[in-house]
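K.L.:
Next up, start06.txt (compact mmCIF, C-alpha atoms).
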# COMPACT_ATOMS: atom_id res chain seq x y z
CA MET A 1485 -51.01 -61.86 14.09
CA THR A 1486 -50.35 -59.21 11.44
CA THR A 1487 -53.33 -57.14 12.54
CA ASP A 1488 -51.97 -57.08 16.08
CA ILE A 1489 -48.78 -55.56 14.71
CA LEU A 1490 -50.65 -52.99 12.63
CA LYS A 1491 -52.53 -51.81 15.69
CA ARG A 1492 -49.17 -50.91 17.17
CA PHE A 1493 -48.88 -48.38 14.34
CA SER A 1494 -52.37 -46.93 14.99
CA LEU A 1495 -53.91 -48.48 11.87
CA ASN A 1496 -57.60 -49.30 11.80
CA THR A 1497 -57.54 -53.04 11.19
CA ASP A 1498 -61.30 -53.25 10.47
CA GLU A 1499 -60.73 -52.27 6.85
CA VAL A 1500 -57.25 -53.55 6.17
CA GLN A 1501 -56.04 -55.69 3.25
CA ILE A 1502 -52.65 -57.38 3.33
CA GLN A 1503 -50.77 -59.07 0.50
CA PRO A 1504 -47.15 -60.13 -0.16
CA PHE A 1505 -45.12 -57.48 -1.94
CA GLY A 1506 -41.87 -57.27 -3.90
CA SER A 1507 -39.14 -59.75 -4.75
CA GLY A 1508 -36.72 -59.28 -1.85
CA LEU A 1509 -35.11 -62.43 -0.49
CA ILE A 1510 -34.04 -61.24 2.96
CA ASN A 1511 -36.92 -59.50 4.74
CA HIS A 1512 -40.59 -60.49 4.48
CA THR A 1513 -42.58 -57.63 2.95
CA TRP A 1514 -46.32 -56.96 2.62
CA LEU A 1515 -48.42 -54.27 0.98
CA VAL A 1516 -51.02 -53.03 3.44
CA LYS A 1517 -54.15 -51.27 2.16
CA ASN A 1518 -55.97 -49.36 4.88
CA GLY A 1519 -58.88 -47.47 3.37
CA PRO A 1520 -57.47 -44.97 0.83
CA LYS A 1521 -53.93 -45.26 2.24
CA GLN A 1522 -51.25 -47.83 1.46
CA TYR A 1523 -48.27 -48.93 3.51
CA ILE A 1524 -45.31 -51.28 3.31
CA LEU A 1525 -44.91 -53.65 6.28
CA GLN A 1526 -41.64 -55.50 6.77
CA ARG A 1527 -40.43 -58.20 9.14
CA ILE A 1528 -36.68 -57.86 9.50
CA ASN A 1529 -34.73 -61.06 9.01
CA THR A 1530 -32.87 -61.28 12.32
CA GLN A 1531 -30.88 -64.26 11.08
CA VAL A 1532 -29.15 -61.79 8.76
CA PHE A 1533 -29.54 -58.53 10.69
CA THR A 1534 -28.97 -59.68 14.25
CA LEU A 1535 -29.45 -56.21 15.78
CA PRO A 1536 -32.46 -54.57 14.05
CA GLN A 1537 -32.28 -51.61 16.41
CA ASN A 1538 -28.99 -50.62 14.76
CA ILE A 1539 -30.78 -50.31 11.42
CA ASP A 1540 -33.49 -48.20 12.99
CA ASN A 1541 -30.92 -45.97 14.67
CA ASN A 1542 -29.00 -45.51 11.42
CA ILE A 1543 -32.10 -44.49 9.49
CA SER A 1544 -33.16 -42.09 12.24
CA ARG A 1545 -29.78 -40.37 12.34
CA LEU A 1546 -29.61 -40.05 8.56
CA ALA A 1547 -33.15 -38.69 8.48
CA THR A 1548 -32.29 -36.03 11.06
CA TYR A 1549 -29.25 -34.95 9.04
CA LEU A 1550 -31.09 -34.84 5.70
CA HIS A 1551 -34.06 -32.98 7.19
CA LYS A 1552 -31.65 -30.28 8.32
CA HIS A 1553 -29.31 -30.11 5.32
CA SER A 1554 -31.43 -31.35 2.39
CA PRO A 1555 -35.07 -30.93 3.45
CA GLY A 1556 -36.39 -31.42 -0.08
CA TYR A 1557 -34.88 -34.87 -0.48
CA LEU A 1558 -37.32 -37.79 -0.39
CA PHE A 1559 -36.03 -40.08 2.35
CA THR A 1560 -38.27 -42.95 3.38
CA THR A 1561 -38.45 -43.45 7.15
CA PRO A 1562 -40.51 -45.86 9.26
CA ILE A 1563 -43.74 -44.73 10.89
CA ASN A 1564 -43.51 -44.62 14.67
CA THR A 1565 -45.44 -47.05 16.81
CA THR A 1566 -47.93 -45.91 19.46
CA ASP A 1567 -45.05 -45.88 21.95
CA HIS A 1568 -42.95 -43.68 19.63
CA LYS A 1569 -40.57 -46.34 18.35
CA GLY A 1570 -39.52 -47.19 14.81
CA LEU A 1571 -39.81 -50.93 15.38
CA ALA A 1572 -42.62 -53.07 16.75
CA GLU A 1573 -41.53 -56.23 18.52
CA HIS A 1574 -43.86 -59.23 18.29
CA ASP A 1575 -43.13 -62.92 18.98
CA ASN A 1576 -39.37 -62.30 19.00
CA ALA A 1577 -39.55 -60.59 15.60
CA SER A 1578 -39.06 -56.94 14.60
CA TYR A 1579 -41.51 -55.18 12.29
CA ARG A 1580 -41.59 -51.72 10.73
CA LEU A 1581 -44.11 -49.82 8.65
CA PHE A 1582 -43.46 -47.34 5.84
CA GLY A 1583 -45.88 -45.11 4.03
CA PHE A 1584 -46.22 -46.15 0.39
CA VAL A 1585 -44.75 -43.51 -1.93
CA GLU A 1586 -47.77 -42.69 -4.09
CA GLY A 1587 -47.17 -42.71 -7.83
CA SER A 1588 -43.94 -44.64 -7.47
CA HIS A 1589 -42.88 -47.97 -8.88
CA SER A 1590 -39.76 -50.11 -9.02
CA TYR A 1591 -38.12 -52.63 -11.33
CA THR A 1592 -36.48 -56.01 -10.79
CA VAL A 1593 -34.58 -55.91 -14.11
CA VAL A 1594 -32.75 -52.99 -15.74
CA GLU A 1595 -34.83 -52.78 -18.90
CA ASP A 1596 -33.00 -49.92 -20.63
CA LYS A 1597 -29.97 -47.69 -20.21
CA GLU A 1598 -32.08 -44.74 -19.04
CA LEU A 1599 -33.07 -46.74 -15.95
CA ALA A 1600 -29.39 -47.50 -15.32
CA TYR A 1601 -28.61 -43.79 -15.57
CA GLU A 1602 -31.41 -42.77 -13.20
CA ALA A 1603 -30.52 -45.44 -10.66
CA ALA A 1604 -26.82 -44.53 -10.71
CA ARG A 1605 -27.74 -40.87 -10.30
CA GLN A 1606 -29.92 -41.65 -7.28
CA PHE A 1607 -27.25 -43.72 -5.53
CA GLY A 1608 -24.67 -41.04 -6.25
CA LYS A 1609 -26.99 -38.33 -4.99
CA PHE A 1610 -27.66 -40.27 -1.80
CA THR A 1611 -23.96 -40.46 -0.96
CA ARG A 1612 -23.29 -36.85 -2.03
CA LEU A 1613 -26.06 -35.40 0.13
CA LEU A 1614 -24.63 -37.25 3.11
CA ALA A 1615 -21.01 -36.21 2.44
CA GLY A 1616 -20.99 -34.09 5.60
CA PHE A 1617 -22.49 -36.78 7.83
CA ASP A 1618 -20.23 -38.19 10.55
CA ILE A 1619 -19.94 -41.84 9.53
CA ASP A 1620 -18.87 -42.77 13.06
CA GLN A 1621 -22.53 -42.32 14.00
CA LEU A 1622 -23.49 -45.29 11.82
CA SER A 1623 -23.64 -48.81 13.20
CA ILE A 1624 -22.26 -51.71 11.16
CA THR A 1625 -25.35 -53.74 10.33
CA LEU A 1626 -23.52 -56.48 8.40
CA PRO A 1627 -19.92 -56.87 9.61
CA ASP A 1628 -17.41 -57.58 6.80
CA PHE A 1629 -20.15 -57.49 4.18
CA HIS A 1630 -17.80 -56.30 1.40
CA ASN A 1631 -14.51 -57.37 2.94
CA LEU A 1632 -12.81 -58.93 -0.08
CA SER A 1633 -9.81 -60.13 1.94
CA LEU A 1634 -12.12 -62.11 4.19
CA ARG A 1635 -14.03 -63.54 1.23
CA TYR A 1636 -10.76 -64.72 -0.34
CA SER A 1637 -9.69 -66.32 2.93
CA GLN A 1638 -13.05 -68.11 3.14
CA PHE A 1639 -12.55 -69.31 -0.44
CA GLU A 1640 -9.09 -70.69 0.42
CA LYS A 1641 -10.50 -72.57 3.42
CA ALA A 1642 -13.30 -73.97 1.28
CA VAL A 1643 -10.72 -75.27 -1.22
CA GLU A 1644 -8.80 -76.93 1.60
CA GLY A 1645 -11.89 -78.67 2.98
CA ALA A 1646 -13.71 -79.60 -0.23
CA SER A 1647 -14.42 -83.11 -1.39
CA ALA A 1648 -12.27 -84.57 -4.16
CA GLU A 1649 -15.32 -84.70 -6.46
CA ARG A 1650 -16.21 -81.04 -6.08
CA LEU A 1651 -12.57 -79.97 -6.33
CA GLN A 1652 -12.28 -81.80 -9.63
CA LYS A 1653 -15.43 -80.21 -11.06
CA ALA A 1654 -14.41 -76.75 -9.87
CA ARG A 1655 -10.69 -76.92 -10.71
CA SER A 1656 -10.84 -74.57 -13.69
CA SER A 1657 -12.84 -71.97 -11.75
CA ILE A 1658 -10.52 -72.27 -8.75
CA ASN A 1659 -7.49 -71.63 -10.94
CA ILE A 1660 -9.07 -68.59 -12.58
CA LEU A 1661 -9.94 -67.01 -9.24
CA ILE A 1662 -6.46 -67.66 -7.86
CA HIS A 1663 -4.98 -66.15 -11.04
CA ASN A 1664 -6.99 -62.96 -10.38
CA ARG A 1665 -5.70 -62.61 -6.82
CA ASP A 1666 -4.39 -59.15 -7.77
CA ILE A 1667 -7.97 -57.86 -7.35
CA VAL A 1668 -7.64 -58.67 -3.64
CA THR A 1669 -4.23 -57.01 -3.49
CA ALA A 1670 -5.71 -53.84 -5.00
CA PHE A 1671 -8.48 -53.87 -2.38
CA GLU A 1672 -5.95 -54.21 0.43
CA ASN A 1673 -4.02 -51.27 -1.00
CA ILE A 1674 -7.23 -49.22 -1.02
CA LEU A 1675 -7.68 -49.86 2.71
CA HIS A 1676 -4.38 -48.11 3.40
CA ASN A 1677 -4.64 -45.37 0.78
CA PRO A 1678 -5.69 -41.95 2.17
CA ALA A 1679 -6.98 -41.01 -1.29
CA PHE A 1680 -9.89 -43.40 -0.69
CA LYS A 1681 -12.53 -42.03 1.66
CA LYS A 1682 -15.15 -43.93 3.62
CA ARG A 1683 -18.58 -42.42 3.05
CA VAL A 1684 -22.22 -43.22 3.71
CA THR A 1685 -22.63 -46.10 1.28
CA HIS A 1686 -25.77 -48.04 0.37
CA HIS A 1687 -24.01 -51.39 -0.34
CA ASP A 1688 -26.98 -52.94 -2.21
CA THR A 1689 -27.51 -50.99 -5.42
CA LYS A 1690 -29.66 -53.39 -7.42
CA ILE A 1691 -32.33 -51.72 -9.51
CA SER A 1692 -35.18 -52.80 -7.20
CA ASN A 1693 -33.79 -50.47 -4.52
CA VAL A 1694 -34.69 -47.35 -6.50
CA LEU A 1695 -38.15 -45.83 -6.74
CA PHE A 1696 -39.18 -44.24 -10.04
CA ASP A 1697 -41.98 -41.81 -10.87
CA SER A 1698 -44.52 -42.16 -13.69
CA ASN A 1699 -41.98 -40.75 -16.16
CA ASN A 1700 -39.32 -43.25 -15.04
CA LYS A 1701 -37.27 -40.55 -13.37
CA GLY A 1702 -35.57 -41.59 -10.15
CA LEU A 1703 -37.24 -40.49 -6.93
CA CYS A 1704 -35.06 -41.94 -4.17
CA VAL A 1705 -33.25 -45.03 -2.96
CA ILE A 1706 -34.89 -47.48 -0.57
CA ASP A 1707 -34.02 -50.59 1.47
CA LEU A 1708 -31.53 -48.88 3.76
CA ASP A 1709 -30.67 -51.86 5.96
CA THR A 1710 -27.18 -52.17 4.48
CA VAL A 1711 -26.32 -48.46 4.71
CA MET A 1712 -22.95 -48.33 6.46
CA PRO A 1713 -19.60 -46.60 6.13
CA GLY A 1714 -17.94 -47.90 2.99
CA TYR A 1715 -16.05 -47.15 -0.20
CA PHE A 1716 -17.65 -45.97 -3.43
CA ILE A 1717 -16.48 -49.16 -5.16
CA SER A 1718 -19.19 -51.09 -3.31
CA ASP A 1719 -22.06 -49.10 -4.80
CA VAL A 1720 -20.60 -48.60 -8.27
CA GLY A 1721 -19.39 -52.20 -8.41
CA ASP A 1722 -22.78 -53.64 -7.49
CA MET A 1723 -24.43 -51.58 -10.21
CA MET A 1724 -21.96 -52.88 -12.77
CA ARG A 1725 -22.43 -56.45 -11.60
CA THR A 1726 -26.22 -56.30 -11.85
CA TYR A 1727 -26.87 -53.77 -14.67
CA LEU A 1728 -24.26 -54.39 -17.36
CA SER A 1729 -25.10 -57.86 -18.63
CA PRO A 1730 -28.35 -58.71 -20.42
CA ALA A 1731 -28.13 -62.09 -18.64
CA GLY A 1732 -28.46 -62.35 -14.86
CA GLU A 1733 -26.40 -64.41 -12.44
CA GLU A 1734 -28.68 -67.46 -12.85
CA GLU A 1735 -28.07 -67.74 -16.60
CA THR A 1736 -26.39 -71.00 -17.60
CA ASP A 1737 -26.01 -70.15 -21.30
CA PHE A 1738 -22.82 -68.24 -20.69
CA SER A 1739 -22.70 -66.99 -24.29
CA LYS A 1740 -25.50 -64.59 -23.34
CA ILE A 1741 -23.30 -62.80 -20.81
CA ASP A 1742 -21.87 -59.53 -22.07
CA ILE A 1743 -20.89 -56.03 -21.00
CA ARG A 1744 -23.21 -53.47 -22.55
CA GLU A 1745 -21.05 -50.41 -23.11
CA ASP A 1746 -24.03 -48.06 -23.37
CA TYR A 1747 -25.25 -49.24 -19.96
CA PHE A 1748 -21.76 -48.74 -18.53
CA ASP A 1749 -21.75 -45.22 -19.97
CA ALA A 1750 -25.12 -44.59 -18.31
CA ILE A 1751 -23.80 -45.69 -14.91
CA VAL A 1752 -20.71 -43.50 -15.33
CA LYS A 1753 -22.68 -40.40 -16.29
CA GLY A 1754 -25.38 -40.94 -13.68
CA TYR A 1755 -23.06 -41.60 -10.75
CA LEU A 1756 -20.30 -39.15 -11.64
CA GLY A 1757 -22.90 -36.51 -12.46
CA GLU A 1758 -23.55 -36.45 -8.73
CA MET A 1759 -20.20 -37.56 -7.31
CA ALA A 1760 -17.51 -36.11 -9.61
CA GLU A 1761 -16.60 -33.32 -7.19
CA GLU A 1762 -16.76 -35.64 -4.18
CA LEU A 1763 -14.43 -38.36 -5.49
CA THR A 1764 -10.68 -37.90 -5.53
CA THR A 1765 -8.69 -38.27 -8.76
CA THR A 1766 -7.35 -41.61 -7.50
CA GLU A 1767 -10.85 -42.88 -6.78
CA LYS A 1768 -12.01 -41.94 -10.28
CA ASN A 1769 -9.12 -43.96 -11.69
CA TYR A 1770 -10.57 -47.01 -9.89
CA PHE A 1771 -14.04 -46.68 -11.41
CA ILE A 1772 -13.72 -49.80 -13.56
CA TYR A 1773 -11.96 -51.64 -10.76
CA ALA A 1774 -15.20 -51.27 -8.78
CA GLY A 1775 -16.88 -53.67 -11.18
CA LYS A 1776 -14.04 -56.18 -11.00
CA PHE A 1777 -14.09 -55.94 -7.21
CA MET A 1778 -17.78 -56.82 -6.85
CA ILE A 1779 -17.99 -59.43 -9.60
CA TYR A 1780 -14.87 -61.21 -8.36
CA MET A 1781 -16.10 -61.16 -4.77
CA GLN A 1782 -19.44 -62.71 -5.76
CA ALA A 1783 -17.65 -65.39 -7.75
CA LEU A 1784 -15.57 -66.21 -4.67
CA ARG A 1785 -18.69 -66.45 -2.53
CA PHE A 1786 -20.54 -68.70 -4.96
CA LEU A 1787 -17.56 -71.01 -5.39
CA ALA A 1788 -16.81 -71.19 -1.67
CA ASP A 1789 -20.43 -72.20 -1.10
CA TYR A 1790 -20.24 -74.86 -3.79
CA LEU A 1791 -17.08 -76.29 -2.23
CA ASN A 1792 -18.77 -76.16 1.20
CA ASN A 1793 -21.68 -78.28 -0.12
CA ASP A 1794 -24.06 -75.32 -0.68
CA ILE A 1795 -24.61 -74.54 2.99
CA TYR A 1796 -25.15 -70.77 2.54
CA TYR A 1797 -26.96 -70.04 -0.71
CA GLY A 1798 -28.46 -73.49 -1.11
CA ALA A 1799 -28.85 -75.12 -4.51
CA ARG A 1800 -31.94 -75.75 -6.61
CA TYR A 1801 -30.09 -78.36 -8.69
CA PRO A 1802 -26.69 -80.14 -8.57
CA GLY A 1803 -23.91 -77.74 -9.48
CA HIS A 1804 -26.07 -74.65 -9.08
CA ASN A 1805 -23.44 -72.61 -7.25
CA LEU A 1806 -20.72 -73.78 -9.61
CA ASN A 1807 -22.78 -72.50 -12.53
CA ARG A 1808 -23.28 -69.21 -10.70
CA THR A 1809 -19.52 -69.05 -10.25
CA ILE A 1810 -18.82 -69.64 -13.94
CA ASN A 1811 -21.44 -67.02 -14.76
CA GLN A 1812 -19.65 -64.41 -12.65
CA ILE A 1813 -16.20 -65.42 -13.91
CA THR A 1814 -17.47 -64.98 -17.47
CA LEU A 1815 -18.80 -61.53 -16.57
CA LEU A 1816 -15.46 -60.61 -14.99
CA GLN A 1817 -13.54 -61.73 -18.06
CA LYS A 1818 -15.85 -59.75 -20.36
CA LEU A 1819 -15.27 -56.66 -18.22
CA GLN A 1820 -11.52 -57.15 -18.33
CA GLN A 1821 -11.57 -57.59 -22.11
CA LYS A 1822 -13.47 -54.33 -22.59
CA GLU A 1823 -11.51 -52.32 -20.05
CA PRO A 1824 -9.68 -50.11 -22.61
CA ALA A 1825 -12.94 -49.04 -24.25
CA LEU A 1826 -14.64 -48.52 -20.90
CA SER A 1827 -11.75 -46.38 -19.68
CA GLN A 1828 -12.33 -44.05 -22.62
CA LEU A 1829 -15.98 -43.71 -21.60
CA VAL A 1830 -14.99 -42.72 -18.06
CA THR A 1831 -12.48 -40.18 -19.39
CA GLY A 1832 -15.04 -38.74 -21.79
CA ALA A 1833 -17.69 -38.42 -19.12
CA LEU A 1834 -15.33 -36.61 -16.74
CA GLN A 1835 -14.42 -34.15 -19.47
CA HIS A 1836 -18.06 -33.14 -19.90
CA ILE A 1837 -19.16 -32.99 -16.27
Here is a file; write its structure as structure tokens.
P.N.:
Amino acid sequence: MTTDILKRFSLNTDEVQIQPFGSGLINHTWLVKNGPKQYILQRINTQVFTLPQNIDNNISRLATYLHKHSPGYLFTTPINTTDHKGLAEHDNASYRLFGFVEGSHSYTVVEDKELAYEAARQFGKFTRLLAGFDIDQLSITLPDFHNLSLRYSQFEKAVEGASAERLQKARSSINILIHNRDIVTAFENILHNPAFKKRVTHHDTKISNVLFDSNNKGLCVIDLDTVMPGYFISDVGDMMRTYLSPAGEEETDFSKIDIREDYFDAIVKGYLGEMAEELTTTEKNYFIYAGKFMIYMQALRFLADYLNNDIYYGARYPGHNLNRTINQITLLQKLQQKEPALSQLVTGALQHI
């Protein structure tokens, strides 16, 4: 089956080797070796991305803009099929093929603050280079993906419909999230504040979506399925949520969760090094809020799923999503505790950029 797809991209399947690749949870990805050349083949998850053509159109339009305005920027685009399309349809599934960026590698964990800096710089550069792009040309590939108001509403409905047993076990977490409702209010104010600008935003800034060279310098960002119009808080917030703590979201020893100030400083300097002139003064004042926004939203999503009997994320053990919730609440509280010190780091970085 896979070889039939590869033929659509003009690959010689007589000498092809195919093996699973990467750690992504949404799309299925394979490394394809075809003689001396290597490729990345992906099957788009149409349960998540219901209109794959919108993704292909977005990437094509961004590529055209960058080729004209920033021709030296490394922007990964799919290889066209024999009928000049970016997607190959096969058995009601959509596939695409990318050339492998030779000499590149990626990480699944932020191993040091230099990686955090390089990743933040790459995501900032991506948005800065596309500052002149007309965002109305972009399709929404995941409606309401980072709509915090919607996520809070879903959380409230989950509380209303939850079993007595799960409500009892989650009561403390429910109360903490309700107590932090002001994070939602701030988001709703942002939506009506002209000082906040919608830009080309990646929306999924985990470390695995950056390619690095042999010297661990950032090359480019990848996995562009979630690129849509959005606010900078989505990208900065997701970096804070996934880079700052030495313990990931699956950790159940909550004492291991912390905010590493040197990693925060790296994100600030990397992102603002590219975006300082693009962001408004008001937006810069919301830099730390970006972290609260994303961490809080993920806590809401985990807890809503727990109260809904784990129908979205699933659960590998009883209470899995409740533990994920407590993990994210702990991270949020650590961020709030360190906010004064982190604010000084933002101020200091802006003074030297």
K.L.:
Report, in Å with one decimal, the straight-line distance from atom CA of Asp1688 of chain A to atom CA of Ala1572 of chain A.
P.N.:
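Calculated distance between atom CA of Asp1688 of chain A and atom CA of Ala1572 of chain A is 24.6 Å.
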K.L.:
Within 12 Å of Leu1834 of chain A, counting only C-alpha atoms, which residues qualify if same-chain residues fewer than 4 places away don't, as a ChimeraX atom specification?
P.N.:
/A:1749,1752-1761,1763,1765,1768-1769,1771,1827-1830
K.L.:
Calculated over all atoms listed in the file, which of the candidates A:Ser1544, A:Asn1518, A:Asn1693, A:Gln1817 has the smallest distance to Asn1564 of chain A?
P.N.:
A:Ser1544
K.L.:
Using atom CA of Met1778 of chain A and atom CA of Gln1526 of chain A as the two end points, give the distance in Å to one decimal.
P.N.:
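These two atoms are separated by 27.5 Å.
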K.L.:
Atom CA of Gly1798 of chain A and atom CA of Val1532 of chain A are how many Å apart?
P.N.:
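Between atom CA of Gly1798 of chain A and atom CA of Val1532 of chain A the gap is 15.3 Å.
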K.L.:
Taking 3 positions as the minimum chain separation for residues in the same chain, which residues sit within 10 Å of Ala1774 of chain A when counting all atoms listed in the file? Answer as an NGL selection string.
P.N.:
:A and (1667 or 1671 or 1715-1725 or 1767-1771 or 1777-1780)
